[in-house]
Amino acid sequence: MSENNHPTPEETIDTNQIIEERRAKLHKLQETGNAFPNDFNREDLASAIHEKYGALNKEQLEETPAQATVAGRIMLKRVMGKASFATIQDMSGQIQLYINNAGIGEEEHTAFKHWDLGDIVGASGELFKTKTGELSIRVKSLRLLTKSLRPLPEKFHGLTDQEQRYRQRYVDLIVTPEAKKNFQIRSKAIQILRTFFTDRGYLEVETPMMQSIPGGATARPFVTHHNALDMQLYLRVAPELYLKRLVVGGFEKVFEINRNFRNEGISTRHNPEFTMLEFYEAYRDYKYLMGLTENMLRELAEACTGSSLIEYQGQDIDFGKPFQRLTMAEAIAKHNETFSSDELHDINFLREALARRKVPHFPADGIGMLQLKLFEETTEEKLIQPTFIVAHPTDVSPLARSNDDNPAVTDRFELFIAGREIANGFSELNDPEDQSNRFKAQAEAKAQGDDEAMFYDSDYIRALEYGMPPTAGEGIGIDRLIMLLTNSASIREVILFPQMRPE
RNA sequence: GGGCGGUUAGCUCAGCUGGUAGAGCAGUGGACUUUUAAUCCAUUGGUCGCGAGUUCGAAUCUCGCACCGCCUACCA
């Protein structure tokens, strides 16, 4: 393979006897006419036919025969001499074809017998029910629309090799109904979210993915280069700072559903590019967002799964009940009997507890930071039911507004479900001088080697100096949310083309 | 990044303590007019991930490499 990961054509050709035989069939078709016709008009979808006629009995269908014109891929084929059955699949589902000499003539039927699983055909005829009651089409005309050269995976077991499922998603989608279903749910969920916000007067926007100063999250960015401007650009790690510029500009309710890029490892919960929903609303605070988030997720679960009670990897998760709201200390005490509330507010106790668990911490860490570390170590994974954790230390929340009563913490929450962070929201910091100081602290951390720390963004400060109204904002990782809704253990089950090493 | 496991026909998988590779599906030929993973008969198909080593002999043992999966770390 060449150094830039681009295989030469020779390297990509893999072939075998089956492919060669199919290629020969294709060439034979090309001798007698156009092997790739483009003039077939599909009129009916498999699922619509089942919905409309599935309930009728054999006799009812015989009395008033309904016509259907369908197209799809041959998934199963059963040839019995003078009669044949084929199951074809379209975007909506499957329907059975009944093919015999009486319907399409002996010559056409013989041709059909040499077609292959995976070929794409168009058929029309009348609906009937077989003696076992399966709604089928008695085919009166049948055309081969696209010859398939490559054999499909085994018809019963399908594709079980996960690597191949991800690398050749097109094959996975053909033969794995659950995979298809997951992506249909994903599409529906995003559509519902979009409607949720537009119905509430939010404006959907798109902000830069290529940024000269990546901001809005503590994460390592991807770096790229613009030739004409001869400048370094970063793929965004978050849209946050641009969305808040828009709030300054007077778009008081905005949202964006789009890709973020973070230069981190790949795992069952991480893909380098992932989809993020972020939304901002002026004249609201983080408490309002918690209520909004509850409503959103409850509505989403019901629309996508039919119930506000979903099962995820063997655990029941209830979106129907009010979500708990706890501080970190409260959550730790609630889920760990060994800690009392008093102990969790004792800085020496916390240091000792972390040391016992070999969790790194520093003398400069305040009580909030120590609680956060203990929370992550002992409690996060136990938050199965939707739970808001509030009041994060200001040190780890450089864009969030400090709490009026205790500036060491922020007006912030994170939502945990099934032991994972699903949402992160806060009242936005709109004091330009405070924000400037927090950026400076981040920039300093970066200079000291923290490559996830933020850059100083002077244009963002300038925007805040024009005045950003009091605003609340939130981000939700869409892929992980879809994992919950589809009961997927891996993020790769909800990303069509997950990042893989070159073959 | 660290640990463990996997890689055999187009697909799903066997292959024992080393003796030169098998099944089912798919394909090909044949039988069969309502099948349901159709059935029955015959049959084609392999650089056993790649590269070294040990051995008379390696899919099998050893080492290295590649890719994938799972766990773990950072995060959303």
# chains A, B, ... in the order shown; residues from 1 in each chain; ligands from 1
$ residues_around --residues "Phe36 in chain A" --least-positions-apart "6" --cutoff "9 Å" --atoms "only C-alpha atoms (C1' of nucleotides)" --output "PDB file with N, CA, C and O atoms, in the first residue's frame"
ATOM      1  N   GLN A  30     -25.356  -8.035 -21.603  1.00  0.00           N
ATOM      2  CA  GLN A  30     -24.991  -6.839 -22.353  1.00  0.00           C
ATOM      3  C   GLN A  30     -24.977  -7.102 -23.851  1.00  0.00           C
ATOM      4  O   GLN A  30     -25.163  -6.180 -24.655  1.00  0.00           O
ATOM      5  N   LEU A 144     -34.886  -7.906 -14.908  1.00  0.00           N
ATOM      6  CA  LEU A 144     -33.635  -7.757 -14.152  1.00  0.00           C
ATOM      7  C   LEU A 144     -33.173  -6.317 -14.335  1.00  0.00           C
ATOM      8  O   LEU A 144     -32.915  -5.879 -15.454  1.00  0.00           O
ATOM      9  N   LEU A 145     -33.080  -5.564 -13.248  1.00  0.00           N
ATOM     10  CA  LEU A 145     -32.740  -4.141 -13.357  1.00  0.00           C
ATOM     11  C   LEU A 145     -31.261  -3.880 -13.101  1.00  0.00           C
ATOM     12  O   LEU A 145     -30.680  -2.978 -13.687  1.00  0.00           O
ATOM     13  N   THR A 146     -30.683  -4.632 -12.176  1.00  0.00           N
ATOM     14  CA  THR A 146     -29.252  -4.477 -11.911  1.00  0.00           C
ATOM     15  C   THR A 146     -28.669  -5.829 -11.553  1.00  0.00           C
ATOM     16  O   THR A 146     -29.169  -6.501 -10.648  1.00  0.00           O
ATOM     17  N   LYS A 147     -27.639  -6.225 -12.273  1.00  0.00           N
ATOM     18  CA  LYS A 147     -26.955  -7.479 -11.983  1.00  0.00           C
ATOM     19  C   LYS A 147     -25.998  -7.264 -10.828  1.00  0.00           C
ATOM     20  O   LYS A 147     -25.218  -6.308 -10.825  1.00  0.00           O
TER      21      LYS A 147
END
$ interface_residues --of "chain A" --to "chain B" --cutoff "7 Å" --atoms "only C-alpha atoms (C1' of nucleotides)" --output "VMD selection string"
chain A and resid 17 to 18 78 80 to 83 85 130 to 131 151 153 to 157 163 477
$ write_last_selection --atoms "all heavy atoms" --output "short mmCIF file (atom, residue, chain, number, x, y, z; two decimals), in the first residue's frame"
data_model
loop_
_atom_site.label_atom_id
_atom_site.label_comp_id
_atom_site.auth_asym_id
_atom_site.auth_seq_id
_atom_site.Cartn_x
_atom_site.Cartn_y
_atom_site.Cartn_z
N GLN A 17 -14.22 -17.22 -8.09
CA GLN A 17 -14.98 -17.92 -9.11
C GLN A 17 -16.41 -17.40 -9.23
O GLN A 17 -16.93 -17.21 -10.33
CB GLN A 17 -15.00 -19.41 -8.74
CG GLN A 17 -15.62 -20.29 -9.79
CD GLN A 17 -15.83 -21.70 -9.25
OE1 GLN A 17 -15.27 -22.05 -8.22
NE2 GLN A 17 -16.62 -22.49 -9.95
N ILE A 18 -17.04 -17.14 -8.08
CA ILE A 18 -18.43 -16.69 -8.11
C ILE A 18 -18.55 -15.35 -8.83
O ILE A 18 -19.42 -15.16 -9.67
CB ILE A 18 -18.97 -16.57 -6.66
CG1 ILE A 18 -19.03 -17.96 -6.02
CG2 ILE A 18 -20.33 -15.90 -6.64
CD1 ILE A 18 -19.43 -17.96 -4.56
N ARG A 78 -36.37 -19.73 -4.43
CA ARG A 78 -36.71 -21.14 -4.34
C ARG A 78 -37.29 -21.58 -5.68
O ARG A 78 -38.37 -21.15 -6.05
CB ARG A 78 -37.72 -21.37 -3.21
CG ARG A 78 -37.19 -21.02 -1.83
CD ARG A 78 -38.25 -21.14 -0.77
NE ARG A 78 -39.20 -20.05 -0.80
CZ ARG A 78 -38.98 -18.84 -0.27
NH1 ARG A 78 -37.85 -18.58 0.35
NH2 ARG A 78 -39.90 -17.90 -0.35
N MET A 80 -38.60 -24.53 -8.26
CA MET A 80 -39.16 -25.88 -8.20
C MET A 80 -39.65 -26.33 -9.56
O MET A 80 -40.79 -26.72 -9.74
CB MET A 80 -40.33 -25.93 -7.22
CG MET A 80 -39.91 -25.67 -5.81
SD MET A 80 -41.33 -25.28 -4.80
CE MET A 80 -41.88 -23.79 -5.59
N GLY A 81 -38.81 -26.24 -10.56
CA GLY A 81 -39.21 -26.70 -11.88
C GLY A 81 -40.08 -25.69 -12.58
O GLY A 81 -39.58 -24.69 -13.10
N LYS A 82 -41.38 -25.94 -12.56
CA LYS A 82 -42.26 -25.05 -13.32
C LYS A 82 -42.75 -23.85 -12.50
O LYS A 82 -43.47 -23.01 -13.02
CB LYS A 82 -43.47 -25.86 -13.84
CG LYS A 82 -43.06 -26.95 -14.84
CD LYS A 82 -44.26 -27.44 -15.62
CE LYS A 82 -43.89 -28.50 -16.64
NZ LYS A 82 -43.48 -29.78 -15.97
N ALA A 83 -42.40 -23.79 -11.22
CA ALA A 83 -42.81 -22.65 -10.39
C ALA A 83 -41.66 -22.24 -9.48
O ALA A 83 -40.86 -23.08 -9.05
CB ALA A 83 -44.03 -23.02 -9.54
N PHE A 85 -40.37 -19.26 -6.28
CA PHE A 85 -40.64 -18.17 -5.35
C PHE A 85 -39.36 -17.36 -5.17
O PHE A 85 -38.27 -17.92 -5.18
CB PHE A 85 -41.08 -18.70 -3.99
CG PHE A 85 -42.47 -19.26 -3.99
CD1 PHE A 85 -42.69 -20.60 -4.26
CD2 PHE A 85 -43.56 -18.44 -3.75
CE1 PHE A 85 -43.97 -21.11 -4.26
CE2 PHE A 85 -44.85 -18.95 -3.75
CZ PHE A 85 -45.06 -20.29 -4.01
N THR A 130 -50.70 -17.37 -0.59
CA THR A 130 -50.33 -18.77 -0.82
C THR A 130 -51.12 -19.64 0.15
O THR A 130 -51.80 -19.14 1.04
CB THR A 130 -48.83 -18.98 -0.56
OG1 THR A 130 -48.59 -18.73 0.83
CG2 THR A 130 -48.00 -18.06 -1.42
N LYS A 131 -50.96 -20.94 -0.01
CA LYS A 131 -51.75 -21.82 0.85
C LYS A 131 -51.29 -21.76 2.31
O LYS A 131 -52.02 -22.15 3.20
CB LYS A 131 -51.73 -23.26 0.32
CG LYS A 131 -50.39 -23.95 0.32
CD LYS A 131 -50.54 -25.33 -0.30
CE LYS A 131 -49.23 -26.09 -0.27
NZ LYS A 131 -49.34 -27.35 -1.01
N PRO A 151 -21.37 -12.01 -4.30
CA PRO A 151 -22.32 -12.81 -3.52
C PRO A 151 -22.61 -12.17 -2.17
O PRO A 151 -21.72 -11.62 -1.53
CB PRO A 151 -21.60 -14.15 -3.34
CG PRO A 151 -20.16 -13.84 -3.50
CD PRO A 151 -20.08 -12.70 -4.47
N PRO A 153 -23.67 -12.25 1.86
CA PRO A 153 -23.36 -13.16 2.98
C PRO A 153 -24.42 -14.26 3.09
O PRO A 153 -25.51 -14.14 2.54
CB PRO A 153 -23.38 -12.26 4.20
CG PRO A 153 -23.12 -10.90 3.68
CD PRO A 153 -23.72 -10.86 2.31
N GLU A 154 -24.09 -15.26 3.84
CA GLU A 154 -24.95 -16.41 4.00
C GLU A 154 -26.35 -15.99 4.44
O GLU A 154 -26.52 -15.14 5.31
CB GLU A 154 -24.32 -17.32 5.05
CG GLU A 154 -24.69 -18.74 4.90
CD GLU A 154 -25.50 -19.21 6.08
OE1 GLU A 154 -25.85 -18.36 6.93
OE2 GLU A 154 -25.79 -20.39 6.15
N LYS A 155 -27.36 -16.60 3.82
CA LYS A 155 -28.71 -16.08 3.96
C LYS A 155 -29.30 -16.25 5.35
O LYS A 155 -30.20 -15.51 5.74
CB LYS A 155 -29.63 -16.72 2.93
CG LYS A 155 -29.79 -18.22 3.08
CD LYS A 155 -30.57 -18.79 1.92
CE LYS A 155 -30.68 -20.30 2.02
NZ LYS A 155 -31.27 -20.88 0.79
N PHE A 156 -28.82 -17.21 6.10
CA PHE A 156 -29.40 -17.43 7.44
C PHE A 156 -28.63 -16.67 8.53
O PHE A 156 -29.22 -15.95 9.32
CB PHE A 156 -29.44 -18.92 7.76
CG PHE A 156 -30.18 -19.21 9.04
CD1 PHE A 156 -31.53 -18.90 9.15
CD2 PHE A 156 -29.53 -19.77 10.12
CE1 PHE A 156 -32.22 -19.16 10.32
CE2 PHE A 156 -30.22 -20.04 11.30
CZ PHE A 156 -31.56 -19.73 11.40
N HIS A 157 -27.32 -16.83 8.55
CA HIS A 157 -26.52 -16.20 9.61
C HIS A 157 -26.21 -14.73 9.32
O HIS A 157 -25.89 -13.97 10.22
CB HIS A 157 -25.22 -16.96 9.82
CG HIS A 157 -25.42 -18.37 10.27
ND1 HIS A 157 -25.47 -19.42 9.39
CD2 HIS A 157 -25.62 -18.89 11.48
CE1 HIS A 157 -25.68 -20.54 10.06
NE2 HIS A 157 -25.78 -20.24 11.33
N GLU A 163 -16.07 -6.35 11.92
CA GLU A 163 -15.21 -5.49 11.12
C GLU A 163 -15.81 -5.28 9.74
O GLU A 163 -15.90 -4.16 9.24
CB GLU A 163 -13.83 -6.14 10.99
CG GLU A 163 -12.93 -5.37 10.05
CD GLU A 163 -11.55 -5.97 9.95
OE1 GLU A 163 -11.28 -6.96 10.66
OE2 GLU A 163 -10.74 -5.44 9.17
N GLY A 477 -24.70 14.83 23.43
CA GLY A 477 -24.04 13.94 22.48
C GLY A 477 -25.08 13.03 21.84
O GLY A 477 -25.65 12.17 22.48
#
$ residues_around --residues "G29 in chain B" --least-positions-apart "5" --cutoff "12 Å" --atoms "only C-alpha atoms (C1' of nucleotides)" --output "number ranges by chain"
B: 41-44
$ select_by_dssp --residues "range 97-249 of chain A" --states "alpha helix (DSSP H)" --output "PyMOL selection string"
chain A and resi 101-104+106-113+162-167+169-175+177-199+240-248
$ select_by_dssp --residues "range 156-262 of chain A" --states "strand (DSSP E)" --output "list in words"
Leu203, Glu204, Met210, Gln211, Val223, Thr224, His225, His226, Met231, Gln232, Leu233, Tyr234, Leu235, Lys253, Val254, Phe255, Glu256, Ile257, Asn258, Arg259, Asn260 and Phe261 of chain A
$ closest_atom_pairs --of "range 13-36 of chain B" --to "range 53-62 of chain B" --cutoff "12 Å" --atoms "only C-alpha atoms (C1' of nucleotides)" --output "Markdown table"
| residue | atom | partner | partner_atom | distance |
| --- | --- | --- | --- | --- |
| B:G15 | C1' | B:A59 | C1' | 8.4 |
| B:C16 | C1' | B:U60 | C1' | 10.1 |
| B:U17 | C1' | B:U60 | C1' | 10.4 |
| B:G18 | C1' | B:U60 | C1' | 6.2 |
| B:G19 | C1' | B:G57 | C1' | 6.7 |
| B:U20 | C1' | B:G57 | C1' | 8.2 |
| B:A21 | C1' | B:A59 | C1' | 8.1 |
$ atom_distance --atom1 "CA of Gly72 in chain A" --atom2 "CA of Tyr166 in chain A"
23.0 Å
$ residues_around --residues "Thr327 in chain A" --least-positions-apart "6" --cutoff "9 Å" --atoms "only C-alpha atoms (C1' of nucleotides)" --output "VMD selection string"
chain A and resid 388 to 392 413
$ atom_distance --atom1 "CA of Ala24 in chain A" --atom2 "CA of Asp172 in chain A"
25.9 Å
$ atom_distance --atom1 "CA of Glu302 in chain A" --atom2 "CA of Asn487 in chain A"
14.3 Å
$ closest_residue --among "A:Pro208, A:Val175, A:Arg325, A:Asp404" --to "Gln94 in chain A" --atoms "only C-alpha atoms"
A:Val175
$ residues_around --residues "Gly93 in chain A" --least-positions-apart "4" --cutoff "9 Å" --atoms "only C-alpha atoms (C1' of nucleotides)" --output "ChimeraX atom specification"
/A:45-47,88-89
$ residues_around --residues "Leu354 in chain A" --least-positions-apart "2" --cutoff "12 Å" --atoms "only C-alpha atoms (C1' of nucleotides)" --output "list in words"
Leu344, Ile347, Asn348, Phe349, Leu350, Arg351, Glu352, Arg356, Arg357, Lys358, Val359, Pro360, His361, Phe362, Asp365, Met369, Leu370, Gln371, Leu372, Lys373, Leu374, Phe375, Glu376, Glu377 and Thr378 of chain A
$ residues_around --residues "Ser212 in chain A" --least-positions-apart "2" --cutoff "7 Å" --atoms "only C-alpha atoms (C1' of nucleotides)" --output "list in words"
Met210, Pro214, Gln232, Leu233 and Tyr234 of chain A
$ write_last_selection --atoms "N, CA, C and O atoms" --output "compact mmCIF listing (two decimals), in the first residue's frame"
# COMPACT_ATOMS: atom_id res chain seq x y z
N MET A 210 -14.36 24.51 10.55
CA MET A 210 -12.93 24.79 10.45
C MET A 210 -12.71 26.12 11.14
O MET A 210 -13.25 27.14 10.74
N PRO A 214 -9.75 26.82 17.97
CA PRO A 214 -10.77 25.86 18.39
C PRO A 214 -11.15 26.12 19.84
O PRO A 214 -10.28 26.28 20.69
N GLN A 232 -2.88 27.65 9.43
CA GLN A 232 -3.32 26.46 10.15
C GLN A 232 -4.77 26.62 10.57
O GLN A 232 -5.18 27.66 11.05
N LEU A 233 -5.54 25.56 10.35
CA LEU A 233 -6.93 25.56 10.82
C LEU A 233 -7.15 24.31 11.67
O LEU A 233 -6.46 23.31 11.51
N TYR A 234 -8.12 24.42 12.55
CA TYR A 234 -8.49 23.28 13.39
C TYR A 234 -9.90 22.85 13.05
O TYR A 234 -10.76 23.69 12.75
$ closest_residue --among "A:Leu56, A:Ile478, A:Ile213, A:Leu277" --to "Met231 in chain A" --atoms "only C-alpha atoms"
A:Ile213
$ closest_residue --among "B:U72, B:G64, B:G30, B:G46" --to "G3 in chain B" --atoms "only C-alpha atoms (C1' of nucleotides)"
B:U72
$ decode --residues "range 34-53 of chain B" --atoms "N, CA and C atoms (P, O5', C5', C4', C3', O3' and C1' of nucleotides)" --output "mmCIF file, in the first residue's frame"
data_model
loop_
_atom_site.group_PDB
_atom_site.id
_atom_site.type_symbol
_atom_site.label_atom_id
_atom_site.label_comp_id
_atom_site.auth_asym_id
_atom_site.auth_seq_id
_atom_site.Cartn_x
_atom_site.Cartn_y
_atom_site.Cartn_z
ATOM 1 P P U B 34 -46.792 -27.120 -6.196
ATOM 2 O "O5'" U B 34 -46.800 -25.715 -5.465
ATOM 3 C "C5'" U B 34 -45.587 -25.085 -5.073
ATOM 4 C "C4'" U B 34 -45.852 -24.284 -3.821
ATOM 5 C "C3'" U B 34 -46.746 -25.002 -2.820
ATOM 6 O "O3'" U B 34 -46.345 -24.629 -1.518
ATOM 7 C "C1'" U B 34 -47.765 -22.987 -3.497
ATOM 8 P P U B 35 -46.032 -25.702 -0.370
ATOM 9 O "O5'" U B 35 -44.498 -25.455 -0.041
ATOM 10 C "C5'" U B 35 -43.475 -26.040 -0.830
ATOM 11 C "C4'" U B 35 -42.361 -25.046 -0.985
ATOM 12 C "C3'" U B 35 -41.913 -24.386 0.308
ATOM 13 O "O3'" U B 35 -40.988 -25.191 1.002
ATOM 14 C "C1'" U B 35 -42.163 -22.755 -1.387
ATOM 15 P P U B 36 -40.984 -25.204 2.587
ATOM 16 O "O5'" U B 36 -40.534 -23.744 3.016
ATOM 17 C "C5'" U B 36 -39.171 -23.336 2.873
ATOM 18 C "C4'" U B 36 -39.031 -21.894 3.337
ATOM 19 C "C3'" U B 36 -39.251 -21.713 4.841
ATOM 20 O "O3'" U B 36 -38.367 -20.724 5.317
ATOM 21 C "C1'" U B 36 -40.773 -20.376 3.626
ATOM 22 P P A B 37 -37.778 -20.802 6.757
ATOM 23 O "O5'" A B 37 -36.307 -20.264 6.567
ATOM 24 C "C5'" A B 37 -36.049 -19.186 5.678
ATOM 25 C "C4'" A B 37 -34.750 -19.452 4.951
ATOM 26 C "C3'" A B 37 -34.785 -20.689 4.066
ATOM 27 O "O3'" A B 37 -33.952 -20.497 2.919
ATOM 28 C "C1'" A B 37 -33.143 -20.952 5.720
ATOM 29 P P A B 38 -34.742 -20.433 1.525
ATOM 30 O "O5'" A B 38 -35.654 -21.763 1.517
ATOM 31 C "C5'" A B 38 -35.091 -22.979 1.125
ATOM 32 C "C4'" A B 38 -36.073 -24.062 1.441
ATOM 33 C "C3'" A B 38 -35.534 -25.477 1.270
ATOM 34 O "O3'" A B 38 -34.783 -25.896 2.401
ATOM 35 C "C1'" A B 38 -37.650 -25.298 0.215
ATOM 36 P P U B 39 -33.475 -26.777 2.178
ATOM 37 O "O5'" U B 39 -34.033 -28.149 1.610
ATOM 38 C "C5'" U B 39 -34.880 -28.973 2.407
ATOM 39 C "C4'" U B 39 -35.399 -30.117 1.576
ATOM 40 C "C3'" U B 39 -34.336 -30.959 0.887
ATOM 41 O "O3'" U B 39 -33.773 -31.919 1.765
ATOM 42 C "C1'" U B 39 -36.037 -30.442 -0.660
ATOM 43 P P C B 40 -32.254 -32.340 1.615
ATOM 44 O "O5'" C B 40 -32.281 -33.290 0.331
ATOM 45 C "C5'" C B 40 -33.015 -34.503 0.348
ATOM 46 C "C4'" C B 40 -32.992 -35.145 -1.018
ATOM 47 C "C3'" C B 40 -31.618 -35.246 -1.672
ATOM 48 O "O3'" C B 40 -30.862 -36.331 -1.172
ATOM 49 C "C1'" C B 40 -33.177 -34.439 -3.241
ATOM 50 P P C B 41 -29.250 -36.234 -1.103
ATOM 51 O "O5'" C B 41 -28.843 -36.464 -2.622
ATOM 52 C "C5'" C B 41 -29.110 -37.708 -3.259
ATOM 53 C "C4'" C B 41 -28.657 -37.660 -4.692
ATOM 54 C "C3'" C B 41 -27.243 -37.132 -4.927
ATOM 55 O "O3'" C B 41 -26.250 -38.103 -4.677
ATOM 56 C "C1'" C B 41 -28.724 -36.124 -6.467
ATOM 57 P P A B 42 -24.782 -37.639 -4.132
ATOM 58 O "O5'" A B 42 -24.155 -36.917 -5.401
ATOM 59 C "C5'" A B 42 -23.713 -37.685 -6.503
ATOM 60 C "C4'" A B 42 -23.341 -36.787 -7.653
ATOM 61 C "C3'" A B 42 -22.179 -35.825 -7.415
ATOM 62 O "O3'" A B 42 -20.917 -36.452 -7.526
ATOM 63 C "C1'" A B 42 -23.951 -34.679 -8.464
ATOM 64 P P U B 43 -19.698 -35.920 -6.621
ATOM 65 O "O5'" U B 43 -19.407 -34.479 -7.232
ATOM 66 C "C5'" U B 43 -18.861 -34.356 -8.545
ATOM 67 C "C4'" U B 43 -18.864 -32.908 -8.968
ATOM 68 C "C3'" U B 43 -17.991 -31.972 -8.145
ATOM 69 O "O3'" U B 43 -16.636 -32.017 -8.563
ATOM 70 C "C1'" U B 43 -20.125 -30.986 -8.474
ATOM 71 P P U B 44 -15.483 -31.436 -7.618
ATOM 72 O "O5'" U B 44 -15.395 -29.907 -8.062
ATOM 73 C "C5'" U B 44 -15.081 -29.568 -9.403
ATOM 74 C "C4'" U B 44 -15.237 -28.077 -9.600
ATOM 75 C "C3'" U B 44 -14.370 -27.205 -8.700
ATOM 76 O "O3'" U B 44 -13.053 -27.058 -9.209
ATOM 77 C "C1'" U B 44 -16.583 -26.373 -8.751
ATOM 78 P P G B 45 -11.820 -26.990 -8.213
ATOM 79 O "O5'" G B 45 -12.115 -25.697 -7.334
ATOM 80 C "C5'" G B 45 -11.936 -24.401 -7.891
ATOM 81 C "C4'" G B 45 -12.543 -23.365 -6.972
ATOM 82 C "C3'" G B 45 -11.797 -23.174 -5.653
ATOM 83 O "O3'" G B 45 -10.772 -22.197 -5.814
ATOM 84 C "C1'" G B 45 -14.138 -23.388 -5.254
ATOM 85 P P G B 46 -9.256 -22.517 -5.530
ATOM 86 O "O5'" G B 46 -9.088 -22.248 -3.985
ATOM 87 C "C5'" G B 46 -9.677 -21.087 -3.382
ATOM 88 C "C4'" G B 46 -9.047 -20.847 -2.036
ATOM 89 C "C3'" G B 46 -7.522 -20.881 -2.030
ATOM 90 O "O3'" G B 46 -7.011 -19.733 -1.410
ATOM 91 C "C1'" G B 46 -8.422 -22.406 -0.417
ATOM 92 P P U B 47 -6.141 -18.685 -2.199
ATOM 93 O "O5'" U B 47 -4.678 -18.803 -1.591
ATOM 94 C "C5'" U B 47 -3.974 -20.008 -1.683
ATOM 95 C "C4'" U B 47 -2.774 -19.993 -0.757
ATOM 96 C "C3'" U B 47 -2.970 -19.238 0.556
ATOM 97 O "O3'" U B 47 -2.137 -19.815 1.543
ATOM 98 C "C1'" U B 47 -1.241 -18.218 -0.664
ATOM 99 P P C B 48 -2.534 -20.866 2.509
ATOM 100 O "O5'" C B 48 -3.833 -20.331 3.269
ATOM 101 C "C5'" C B 48 -3.710 -19.293 4.246
ATOM 102 C "C4'" C B 48 -4.765 -19.497 5.289
ATOM 103 C "C3'" C B 48 -4.238 -19.379 6.716
ATOM 104 O "O3'" C B 48 -5.218 -18.700 7.493
ATOM 105 C "C1'" C B 48 -5.269 -21.478 6.422
ATOM 106 P P G B 49 -4.734 -17.703 8.619
ATOM 107 O "O5'" G B 49 -4.375 -16.351 7.871
ATOM 108 C "C5'" G B 49 -5.258 -15.800 6.910
ATOM 109 C "C4'" G B 49 -4.805 -14.413 6.576
ATOM 110 C "C3'" G B 49 -3.299 -14.289 6.347
ATOM 111 O "O3'" G B 49 -2.956 -14.595 5.012
ATOM 112 C "C1'" G B 49 -4.020 -12.631 7.874
ATOM 113 P P C B 50 -1.576 -15.357 4.715
ATOM 114 O "O5'" C B 50 -0.475 -14.228 4.900
ATOM 115 C "C5'" C B 50 -0.455 -13.083 4.064
ATOM 116 C "C4'" C B 50 0.623 -12.135 4.523
ATOM 117 C "C3'" C B 50 1.994 -12.770 4.709
ATOM 118 O "O3'" C B 50 2.700 -12.895 3.489
ATOM 119 C "C1'" C B 50 1.481 -11.453 6.590
ATOM 120 P P G B 51 3.717 -14.086 3.308
ATOM 121 O "O5'" G B 51 4.893 -13.725 4.319
ATOM 122 C "C5'" G B 51 5.639 -12.539 4.141
ATOM 123 C "C4'" G B 51 6.665 -12.386 5.235
ATOM 124 C "C3'" G B 51 7.491 -13.624 5.536
ATOM 125 O "O3'" G B 51 8.511 -13.831 4.575
ATOM 126 C "C1'" G B 51 6.807 -12.612 7.560
ATOM 127 P P A B 52 9.354 -15.181 4.630
ATOM 128 O "O5'" A B 52 10.359 -14.870 5.828
ATOM 129 C "C5'" A B 52 11.074 -15.921 6.416
ATOM 130 C "C4'" A B 52 11.594 -15.486 7.775
ATOM 131 C "C3'" A B 52 12.047 -16.656 8.632
ATOM 132 O "O3'" A B 52 13.375 -17.024 8.337
ATOM 133 C "C1'" A B 52 10.533 -15.353 9.865
ATOM 134 P P G B 53 13.627 -18.570 7.997
ATOM 135 O "O5'" G B 53 13.596 -19.226 9.442
ATOM 136 C "C5'" G B 53 14.434 -18.706 10.467
ATOM 137 C "C4'" G B 53 13.966 -19.154 11.824
ATOM 138 C "C3'" G B 53 13.911 -20.668 12.046
ATOM 139 O "O3'" G B 53 15.196 -21.210 12.301
ATOM 140 C "C1'" G B 53 11.960 -19.651 12.924
#
